[in-house]
$ cat target.cif   # mmCIF, C-alpha atoms and all ligand atoms
data_protein
loop_
_atom_site.label_atom_id
_atom_site.label_comp_id
_atom_site.auth_asym_id
_atom_site.auth_seq_id
_atom_site.Cartn_x
_atom_site.Cartn_y
_atom_site.Cartn_z
CA MET K 24 96.95 119.80 139.00
CA LYS K 25 94.52 119.71 136.05
CA ALA K 26 92.73 116.45 135.27
CA VAL K 27 89.85 115.08 133.21
CA ILE K 28 87.63 113.47 135.79
CA LYS K 29 84.28 111.66 135.93
CA ARG K 30 82.38 112.92 138.97
CA LYS K 31 78.71 112.74 138.02
CA ARG K 32 76.71 109.63 137.24
CA SER K 33 75.63 111.02 133.87
CA LYS K 34 77.05 111.66 130.38
CA GLY K 35 80.23 113.77 130.10
CA LEU K 36 83.46 114.50 131.98
CA GLU K 37 84.97 117.56 133.67
CA TYR K 38 88.31 119.36 133.39
CA LYS K 39 89.10 120.25 136.99
CA ASP K 40 91.78 121.18 139.51
CA VAL K 41 92.46 118.19 141.76
CA PRO K 42 95.24 117.38 144.29
CA VAL K 43 98.44 115.72 143.02
CA PRO K 44 98.14 112.01 144.01
CA LYS K 45 100.03 110.73 147.07
CA LEU K 46 103.07 108.52 146.72
CA GLY K 47 103.41 105.16 148.52
CA LEU K 48 106.75 103.53 149.41
CA ARG K 49 106.78 101.34 146.27
CA ASP K 50 105.20 103.94 143.98
CA VAL K 51 106.51 106.41 141.45
CA LEU K 52 105.08 109.84 140.57
CA ILE K 53 104.94 110.50 136.83
CA LYS K 54 104.51 113.80 135.01
CA VAL K 55 102.37 112.92 131.98
CA HIS K 56 103.48 114.23 128.55
CA ILE K 57 100.82 112.60 126.36
CA ALA K 58 97.77 110.44 127.09
CA SER K 59 95.82 108.71 124.33
CA ILE K 60 92.09 108.01 124.19
CA CYS K 61 90.83 104.41 124.12
CA GLY K 62 87.31 103.28 123.16
CA THR K 63 86.77 102.39 126.83
CA ASP K 64 87.18 106.07 127.79
CA VAL K 65 84.40 106.92 125.33
CA HIS K 66 82.11 104.37 127.04
CA VAL K 67 82.79 106.11 130.36
CA TYR K 68 82.22 109.54 128.79
CA ASP K 69 78.86 108.30 127.40
CA TRP K 70 78.07 106.63 130.74
CA THR K 71 76.93 103.40 129.04
CA ARG K 72 75.31 100.61 131.07
CA TRP K 73 78.64 98.84 131.20
CA ALA K 74 80.37 101.98 132.59
CA GLN K 75 77.63 102.51 135.20
CA TYR K 76 78.14 99.00 136.47
CA ARG K 77 81.95 99.04 136.22
CA LEU K 78 83.02 102.36 137.79
CA THR K 79 83.05 103.90 141.24
CA LEU K 80 83.27 107.71 141.14
CA PRO K 81 85.02 110.10 141.21
CA ARG K 82 87.61 108.75 138.79
CA ILE K 83 90.36 110.30 136.61
CA LEU K 84 90.24 108.44 133.28
CA GLY K 85 93.03 107.26 130.97
CA HIS K 86 95.30 104.23 130.79
CA GLU K 87 97.55 104.91 127.77
CA PHE K 88 100.35 107.43 128.34
CA VAL K 89 103.98 108.48 128.24
CA GLY K 90 105.65 110.72 130.81
CA HIS K 91 108.69 111.04 133.04
CA VAL K 92 109.29 110.15 136.67
CA THR K 93 109.50 113.13 139.04
CA LYS K 94 109.57 111.39 142.44
CA ILE K 95 110.02 107.84 143.78
CA GLY K 96 108.94 106.13 147.00
CA GLY K 97 111.54 105.03 149.58
CA GLU K 98 111.44 101.32 148.58
CA VAL K 99 111.62 101.81 144.80
CA THR K 100 114.70 100.10 143.41
CA HIS K 101 114.58 99.96 139.60
CA VAL K 102 113.02 103.24 138.48
CA LYS K 103 114.84 106.58 138.77
CA VAL K 104 113.75 110.20 138.73
CA GLY K 105 113.95 111.37 135.09
CA ASP K 106 113.17 107.97 133.49
CA ARG K 107 110.83 108.33 130.49
CA VAL K 108 108.11 105.76 131.11
CA SER K 109 104.79 104.22 130.11
CA ALA K 110 103.02 101.46 132.03
CA GLU K 111 101.11 98.22 131.86
CA SER K 112 97.49 99.24 132.54
CA HIS K 113 96.65 95.99 134.36
CA ILE K 114 97.94 96.52 137.90
CA THR K 115 98.50 92.87 138.75
CA CYS K 116 98.75 91.33 142.22
CA GLY K 117 101.80 89.14 141.60
CA HIS K 118 100.52 86.50 144.04
CA CYS K 119 97.58 84.69 142.43
CA TYR K 120 97.80 81.38 140.55
CA GLN K 121 97.69 83.20 137.18
CA CYS K 122 100.41 85.71 138.09
CA GLN K 123 102.60 82.84 139.25
CA ASN K 124 102.05 80.85 136.05
CA ASP K 125 103.00 83.39 133.39
CA ASN K 126 99.35 84.40 132.84
CA ALA K 127 99.43 87.78 134.61
CA GLU K 128 97.17 89.33 131.94
CA VAL K 129 94.35 87.31 133.55
CA CYS K 130 95.42 88.07 137.15
CA ARG K 131 92.48 87.33 139.46
CA ASN K 132 92.93 90.56 141.40
CA PHE K 133 94.04 93.11 138.82
CA GLN K 134 93.02 96.74 138.91
CA LEU K 135 92.59 98.60 135.65
CA LEU K 136 94.26 101.99 135.42
CA GLY K 137 91.75 104.81 134.86
CA MET K 138 88.90 102.50 135.96
CA ASP K 139 89.70 101.01 139.36
CA ARG K 140 92.28 103.69 140.21
CA ASP K 141 93.04 107.18 138.90
CA GLY K 142 94.55 107.29 135.43
CA SER K 143 96.58 109.32 132.97
CA PHE K 144 94.23 112.12 131.84
CA ALA K 145 96.03 114.35 134.35
CA GLU K 146 99.25 116.28 134.86
CA PHE K 147 100.50 113.69 137.35
CA LEU K 148 99.88 110.01 137.93
CA VAL K 149 101.01 107.56 140.64
CA LEU K 150 101.73 103.92 139.84
CA PRO K 151 103.45 101.02 141.61
CA GLU K 152 106.97 100.39 140.36
CA HIS K 153 106.16 96.85 139.18
CA VAL K 154 103.95 98.01 136.26
CA ILE K 155 106.34 100.69 134.96
CA TRP K 156 107.82 100.26 131.48
CA LYS K 157 110.99 102.24 130.69
CA ASN K 158 110.75 103.53 127.13
CA ASN K 159 113.34 102.93 124.47
CA PRO K 160 114.93 106.34 123.65
CA ASN K 161 114.36 105.75 119.90
CA ILE K 162 110.59 105.72 120.36
CA PRO K 163 109.07 109.22 120.16
CA ASP K 164 106.45 110.25 122.73
CA GLU K 165 103.55 109.96 120.26
CA TRP K 166 104.45 106.31 119.62
CA ALA K 167 105.30 105.50 123.25
CA THR K 168 101.78 106.40 124.37
CA ILE K 169 100.19 103.82 122.02
CA GLN K 170 102.30 100.86 123.15
CA GLU K 171 99.49 99.54 125.34
CA PRO K 172 96.91 99.02 122.53
CA PHE K 173 99.72 98.14 120.11
CA GLY K 174 100.51 95.27 122.50
CA ASN K 175 96.92 93.99 122.17
CA ALA K 176 97.51 93.87 118.41
CA VAL K 177 100.88 92.10 118.80
CA ASP K 178 99.36 89.28 120.86
CA THR K 179 96.35 88.89 118.56
CA VAL K 180 98.43 88.71 115.38
CA LEU K 181 101.24 86.60 116.83
CA ALA K 182 99.20 84.01 118.76
CA GLU K 183 100.67 81.91 115.91
CA ASP K 184 103.02 82.63 113.04
CA VAL K 185 101.61 84.69 110.14
CA SER K 186 104.54 84.58 107.71
CA ALA K 187 103.46 83.69 104.15
CA LYS K 188 99.89 83.31 105.47
CA LYS K 189 96.70 84.86 104.12
CA VAL K 190 95.12 87.01 106.81
CA LEU K 191 91.67 88.56 107.23
CA ILE K 192 91.45 91.50 109.66
CA LEU K 193 87.93 92.31 110.84
CA GLY K 194 87.65 95.85 112.25
CA ALA K 195 90.05 98.70 111.39
CA GLY K 196 89.88 100.67 114.62
CA PRO K 197 93.29 101.70 115.99
CA ILE K 198 94.06 98.14 117.16
CA GLY K 199 93.03 96.48 113.88
CA LEU K 200 95.16 99.06 112.06
CA PHE K 201 98.21 98.36 114.25
CA ALA K 202 97.59 94.65 113.59
CA THR K 203 97.63 95.32 109.84
CA GLY K 204 101.11 96.86 110.14
CA ILE K 205 102.34 94.00 112.32
CA ALA K 206 100.97 91.29 109.97
CA LYS K 207 102.63 93.06 107.06
CA ALA K 208 105.95 93.34 108.90
CA CYS K 209 105.78 89.66 109.85
CA GLY K 210 105.45 88.57 106.24
CA ALA K 211 101.73 87.87 105.73
CA SER K 212 101.36 87.25 101.98
CA LEU K 213 97.81 88.61 101.69
CA ILE K 214 96.09 91.01 104.09
CA ILE K 215 92.37 91.73 103.66
CA VAL K 216 90.83 94.33 105.98
CA SER K 217 87.09 94.79 106.48
CA ASP K 218 85.43 97.82 108.13
CA PRO K 219 82.32 99.87 107.30
CA ASN K 220 84.32 103.06 107.96
CA ASN K 221 85.95 104.32 104.72
CA TYR K 222 88.22 106.78 106.58
CA ARG K 223 89.77 103.85 108.46
CA LEU K 224 89.90 101.62 105.36
CA ALA K 225 92.09 104.30 103.73
CA ILE K 226 94.51 104.11 106.71
CA SER K 227 94.54 100.29 106.46
CA LYS K 228 95.99 100.63 102.94
CA LYS K 229 98.81 102.79 104.34
CA MET K 230 99.44 100.13 107.01
CA GLY K 231 99.83 97.39 104.40
CA ALA K 232 96.38 96.01 103.51
CA HIS K 233 96.28 94.53 100.01
CA ILE K 234 92.48 94.58 99.88
CA ALA K 235 90.22 96.89 101.94
CA ILE K 236 86.52 96.00 101.94
CA ASN K 237 83.50 97.90 103.17
CA PRO K 238 81.07 95.16 104.34
CA ARG K 239 78.11 97.46 103.70
CA LYS K 240 79.04 97.64 100.03
CA LYS K 241 80.64 94.27 99.30
CA ASP K 242 80.06 90.67 100.35
CA VAL K 243 83.00 89.94 102.68
CA VAL K 244 82.83 86.13 102.41
CA GLN K 245 82.65 86.18 98.60
CA THR K 246 85.46 88.76 98.31
CA VAL K 247 87.73 86.63 100.52
CA LEU K 248 86.93 83.45 98.59
CA ASP K 249 87.58 85.21 95.26
CA ALA K 250 90.89 86.60 96.53
CA THR K 251 92.05 83.18 97.79
CA LYS K 252 90.94 81.00 94.86
CA ASN K 253 88.16 79.57 97.05
CA ILE K 254 90.66 78.29 99.64
CA GLY K 255 89.91 80.91 102.33
CA VAL K 256 92.31 82.61 104.71
CA ASP K 257 94.76 80.85 107.02
CA VAL K 258 94.19 83.40 109.77
CA ALA K 259 91.26 85.59 110.84
CA LEU K 260 91.79 88.36 113.42
CA GLU K 261 88.67 89.83 115.04
CA PHE K 262 88.92 93.47 116.21
CA SER K 263 85.36 94.72 115.65
CA GLY K 264 83.20 93.26 118.42
CA SER K 265 80.60 92.65 115.69
CA THR K 266 78.88 89.24 115.64
CA GLN K 267 78.41 89.58 111.90
CA ALA K 268 82.15 90.14 111.38
CA LEU K 269 83.02 87.24 113.69
CA ASN K 270 80.84 84.88 111.66
CA GLN K 271 82.41 86.15 108.43
CA GLY K 272 85.73 85.18 110.00
CA PHE K 273 84.53 81.64 110.74
CA LYS K 274 83.03 81.24 107.24
CA THR K 275 86.22 82.34 105.47
CA ILE K 276 88.92 80.53 107.47
CA THR K 277 90.28 77.59 105.55
CA PRO K 278 89.91 74.22 107.39
CA GLY K 279 92.89 73.81 109.71
CA GLY K 280 93.28 77.59 110.16
CA ARG K 281 93.04 79.79 113.24
CA ILE K 282 91.19 82.79 114.56
CA SER K 283 92.28 85.17 117.32
CA ILE K 284 89.57 87.25 118.95
CA LEU K 285 90.24 90.53 120.75
CA GLY K 286 86.89 92.26 120.01
CA ILE K 287 84.38 92.46 122.84
CA TYR K 288 80.71 91.70 122.13
CA GLU K 289 77.70 93.40 123.62
CA ARG K 290 75.69 90.19 123.74
CA ARG K 291 76.11 86.44 123.68
CA VAL K 292 77.26 85.24 120.27
CA ASN K 293 75.68 82.51 118.18
CA ILE K 294 78.26 80.32 116.41
CA ASP K 295 77.76 77.11 114.42
CA LEU K 296 80.23 75.03 116.45
CA ASN K 297 79.94 71.83 114.42
CA LYS K 298 80.15 73.35 110.98
CA ASP K 299 82.46 76.32 111.54
CA ILE K 300 84.86 75.02 114.18
CA ILE K 301 84.87 71.30 114.96
CA PHE K 302 84.61 69.84 111.46
CA LYS K 303 86.95 72.56 110.15
CA LYS K 304 89.53 71.91 112.89
CA ILE K 305 89.82 75.62 113.67
CA ARG K 306 92.00 76.86 116.52
CA ILE K 307 90.50 79.76 118.49
CA TYR K 308 92.48 82.13 120.70
CA GLY K 309 90.78 84.53 123.12
CA ILE K 310 93.11 87.48 123.65
CA THR K 311 92.99 89.85 126.59
CA GLY K 312 95.48 92.53 127.59
CA ARG K 313 99.12 91.84 126.87
CA LYS K 314 101.74 89.38 128.10
CA ILE K 315 103.51 91.18 130.96
CA PHE K 316 106.18 92.08 129.97
CA SER K 317 107.19 89.90 127.02
CA THR K 318 104.70 91.66 124.72
CA TRP K 319 106.10 95.05 125.80
CA HIS K 320 109.55 93.89 124.66
CA LYS K 321 108.17 92.86 121.25
CA THR K 322 106.21 96.12 120.93
CA SER K 323 109.26 98.17 121.83
CA ARG K 324 111.35 96.37 119.20
CA PHE K 325 108.72 96.73 116.47
CA LEU K 326 108.56 100.48 117.12
CA SER K 327 112.15 101.37 117.99
CA SER K 328 113.60 99.52 115.00
CA GLY K 329 111.13 101.09 112.57
CA ILE K 330 109.79 97.65 111.55
CA VAL K 331 106.27 98.99 112.05
CA ASP K 332 105.49 102.70 111.51
CA PRO K 333 102.29 103.50 113.47
CA SER K 334 102.20 107.17 112.30
CA PRO K 335 99.30 106.80 109.81
CA VAL K 336 97.10 105.55 112.69
CA ILE K 337 97.79 108.59 114.93
CA THR K 338 95.47 111.08 113.26
CA HIS K 339 94.52 113.78 115.78
CA ARG K 340 96.11 115.76 118.60
CA PHE K 341 94.38 117.99 121.15
CA ALA K 342 95.28 119.72 124.39
CA LEU K 343 94.03 117.85 127.47
CA LYS K 344 91.47 120.59 128.15
CA ASP K 345 89.98 119.96 124.67
CA TYR K 346 89.33 116.26 125.44
CA GLU K 347 85.70 116.75 124.41
CA LYS K 348 86.72 117.30 120.76
CA GLY K 349 88.60 114.00 120.88
CA MET K 350 85.64 112.13 122.36
CA LYS K 351 83.36 113.49 119.63
CA LEU K 352 85.77 112.47 116.85
CA MET K 353 86.06 108.97 118.30
CA LYS K 354 82.28 108.63 118.31
CA ASP K 355 82.01 109.84 114.71
CA GLY K 356 84.78 107.41 113.71
CA LYS K 357 86.54 110.00 111.51
CA CYS K 358 89.85 109.27 113.22
CA GLY K 359 92.46 106.68 114.03
CA LYS K 360 94.15 107.15 117.41
CA VAL K 361 93.45 110.47 119.14
CA ILE K 362 96.09 111.80 121.53
CA LEU K 363 95.90 114.44 124.25
CA ASN K 364 98.90 116.66 124.93
CA VAL K 365 99.09 117.14 128.67
P1 LIG K 401 87.20 100.53 117.77
O1 LIG K 401 85.83 100.55 118.31
O2 LIG K 401 87.93 101.81 117.52
O3 LIG K 401 87.22 99.72 116.39
C1 LIG K 401 86.26 98.79 116.01
C2 LIG K 401 86.11 98.89 114.50
O4 LIG K 401 85.25 97.83 114.07
C3 LIG K 401 85.51 100.22 114.03
O5 LIG K 401 86.35 100.86 113.10
C4 LIG K 401 84.18 99.79 113.41
O6 LIG K 401 83.83 100.60 112.29
C5 LIG K 401 84.50 98.35 113.00
N1 LIG K 401 83.32 97.53 112.74
C6 LIG K 401 82.07 97.62 113.26
N2 LIG K 401 81.27 96.70 112.71
C7 LIG K 401 82.01 95.99 111.83
C8 LIG K 401 81.75 94.91 110.94
N3 LIG K 401 80.54 94.35 110.85
N4 LIG K 401 82.77 94.45 110.18
C9 LIG K 401 84.01 94.99 110.25
N5 LIG K 401 84.31 96.02 111.07
C10 LIG K 401 83.33 96.51 111.86
O7 LIG K 401 88.03 99.60 118.74
P2 LIG K 401 89.61 99.38 119.01
O8 LIG K 401 90.05 100.30 120.07
O9 LIG K 401 90.38 99.30 117.75
O10 LIG K 401 89.49 97.92 119.68
C11 LIG K 401 89.10 96.80 118.90
C12 LIG K 401 88.21 95.85 119.67
O11 LIG K 401 88.96 95.23 120.70
C13 LIG K 401 87.01 96.49 120.38
O12 LIG K 401 85.92 95.58 120.32
C14 LIG K 401 87.49 96.65 121.80
O13 LIG K 401 86.41 96.65 122.74
C15 LIG K 401 88.32 95.40 121.95
N6 LIG K 401 89.40 95.46 122.95
C16 LIG K 401 89.63 94.32 123.65
C17 LIG K 401 90.68 94.28 124.53
C18 LIG K 401 90.96 93.01 125.25
O14 LIG K 401 91.80 93.00 126.16
N7 LIG K 401 90.31 91.91 124.88
C19 LIG K 401 91.51 95.40 124.73
C20 LIG K 401 91.25 96.54 123.99
C21 LIG K 401 90.19 96.56 123.08
ZN ZN K 402 97.47 88.14 140.21
#
$ encode --input "target.cif" --output "structure tokens"
Amino acid sequence: MKAVIKRKRSKGLEYKDVPVPKLGLRDVLIKVHIASICGTDVHVYDWTRWAQYRLTLPRILGHEFVGHVTKIGGEVTHVKVGDRVSAESHITCGHCYQCQNDNAEVCRNFQLLGMDRDGSFAEFLVLPEHVIWKNNPNIPDEWATIQEPFGNAVDTVLAEDVSAKKVLILGAGPIGLFATGIAKACGASLIIVSDPNNYRLAISKKMGAHIAINPRKKDVVQTVLDATKNIGVDVALEFSGSTQALNQGFKTITPGGRISILGIYERRVNIDLNKDIIFKKIRIYGITGRKIFSTWHKTSRFLSSGIVDPSPVITHRFALKDYEKGMKLMKDGKCGKVILNV
């Protein structure tokens, strides 16, 4: 089969013929229709310090996908040949304290698809039955493939209620853009989105942003205060991984408000704990992965019912062999979600 694989400890990837992966007793074999590119894949392509430390090679990349099941292991009970599926990318152990206490997204032993085991940038993929998600038939393939990052957005937005709340979204990458649509659908009364990328700010408007700010051109804190009659926002959602953006979030949350943080920071972050958190009585949520599988149910309902239309975020499509074009676009930032037709 064809696959996009990282074999060399240097920049780049290769499109190669590799053997179809072997099936275990509790595994299913999936023929991939579409795989989508995540920022993490770009880090591996670029062979950043983080990727060098994180990966053992060779590795087939990719953890967002939709496909159908072509073969099942002898002990598989719930998945059938022909099922149209996606999957939770955290392959959890099911036995640790976290897995047993409804916190499987922080499983102590999880493997990440496309990082710790071969992923979805390939014609076929093998996964254990327990991470398989059967797709709602109303969700088209192009939307089914983005359910994994969409789930990150669901948990970040809905860590608490947003209805009739004023919300600041920092970072309009694909996940911040999905979050904009979710906040809108859940009844946020004001949505302000900040991102230095004008291409993405334009998409944020289509997803429901009332105000889209470029922080290189406008003072984010002042704009938020002006738009909220100096009260500030009830909710800040951090999707940029920028320390500057995070601090703008803390400065603009109204006392008693909350912030949810999904963004990942390159370095330690300096925060004024006393002034920006304790004396303002701010609630902070760290968000990682998705609730398994309650977030998948929410995601599926948002998409299958048409409550959130993610189409404006899905901006580019390439054949798997042209993955390099997708990687380049992602680095230039002139895109939303980029998908690869396998
Ligand atoms: P992305 O890199 O595509 O988007 C980040 C956006 O932030 C970009 O559009 C960028 O222009 C913008 N940005 C940069 N500096 C900014 C600033 N000062 N103010 C406002 N915006 C700024 O990433 P994504 O795929 O949408 O993911 C969002 C974030 O979530 C990333 O940091 C990613 O690493 C992280 N992430 C975390 C998890 C988790 O489980 N915690 C999962 C997936 C992604
Ligand atoms: Zn576990």
$ residues_near_ligand --input "target.cif" --ligand "ligand LIG 401 (chain K)" --cutoff "6 Å" --atoms "all atoms listed in the file" --output "PyMOL selection string"
chain K and resi 61-62+193-199+217-220+262-265+267-268+285-287+310-312
$ residues_near_ligand --input "target.cif" --ligand "ligand ZN 402 (chain K)" --cutoff "9 Å" --atoms "all atoms listed in the file" --output "MDAnalysis selection string"
chainID K and resid 114:123 126:133
$ axis_aligned_box --input "target.cif" --around "stretch 197-209 of chain K" --padding-each-side "6 Å" --output "AutoDock Vina command-line options"
--center_x 99.5 --center_y 95.7 --center_z 112.1 --size_x 24.9 --size_y 24.0 --size_z 22.1
$ closest_residue --input "target.cif" --among "K:Val65, K:Leu181, K:Ala259, K:Met138" --to "K:Leu80" --atoms "all atoms listed in the file"
K:Met138
$ closest_residue --input "target.cif" --among "K:Arg313, K:Arg49, K:Lys34, K:Arg223" --to "K:Leu150" --atoms "all atoms listed in the file"
K:Arg49
$ residues_around --input "target.cif" --residues "K:Gly47" --least-positions-apart "3" --cutoff "12 Å" --atoms "all atoms listed in the file" --output "PyMOL selection string"
chain K and resi 44+50-52+94-99+149-152
$ write_last_selection --input "target.cif" --atoms "C-alpha atoms" --output "tab-separated table (two decimals), in the coordinates of the input"
chain	number	residue	atom	x	y	z
K	44	PRO	CA	98.14	112.01	144.01
K	50	ASP	CA	105.20	103.94	143.98
K	51	VAL	CA	106.51	106.41	141.45
K	52	LEU	CA	105.08	109.84	140.57
K	94	LYS	CA	109.57	111.39	142.44
K	95	ILE	CA	110.02	107.84	143.78
K	96	GLY	CA	108.94	106.13	147.00
K	97	GLY	CA	111.54	105.03	149.58
K	98	GLU	CA	111.44	101.32	148.58
K	99	VAL	CA	111.62	101.81	144.80
K	149	VAL	CA	101.01	107.56	140.64
K	150	LEU	CA	101.73	103.92	139.84
K	151	PRO	CA	103.45	101.02	141.61
K	152	GLU	CA	106.97	100.39	140.36
$ closest_residue --input "target.cif" --among "K:Val89, K:Ile284, K:Leu343, K:Val190" --to "K:Ile215" --atoms "all atoms listed in the file"
K:Val190
$ closest_residue --input "target.cif" --among "K:Tyr68, K:Trp73, K:Phe273, K:Tyr222" --to "K:Glu289" --atoms "all atoms listed in the file"
K:Trp73
$ atom_distance --input "target.cif" --atom1 "atom CA of K:Ile294" --atom2 "atom CA of K:Asn253"
21.8 Å
$ residues_around --input "target.cif" --residues "K:Gly90" --least-positions-apart "3" --cutoff "7 Å" --atoms "all atoms listed in the file" --output "PyMOL selection string"
chain K and resi 53-57+107-109
$ write_last_selection --input "target.cif" --atoms "C-alpha atoms" --output "CSV table (one decimal), in the coordinates of the input"
chain,number,residue,atom,x,y,z
K,53,ILE,CA,104.9,110.5,136.8
K,54,LYS,CA,104.5,113.8,135.0
K,55,VAL,CA,102.4,112.9,132.0
K,56,HIS,CA,103.5,114.2,128.6
K,57,ILE,CA,100.8,112.6,126.4
K,107,ARG,CA,110.8,108.3,130.5
K,108,VAL,CA,108.1,105.8,131.1
K,109,SER,CA,104.8,104.2,130.1
$ atom_distance --input "target.cif" --atom1 "atom CA of K:Phe88" --atom2 "atom CA of K:Val27"
13.9 Å
$ atom_distance --input "target.cif" --atom1 "atom CA of K:Phe341" --atom2 "atom CA of K:Asn159"
24.4 Å
$ residues_around --input "target.cif" --residues "K:Met24" --least-positions-apart "4" --cutoff "7 Å" --atoms "only C-alpha atoms" --output "count of residues only"
5
$ closest_residue --input "target.cif" --among "K:Ala187, K:Leu46, K:Ala145, K:Val331" --to "K:Ala202" --atoms "only C-alpha atoms"
K:Val331
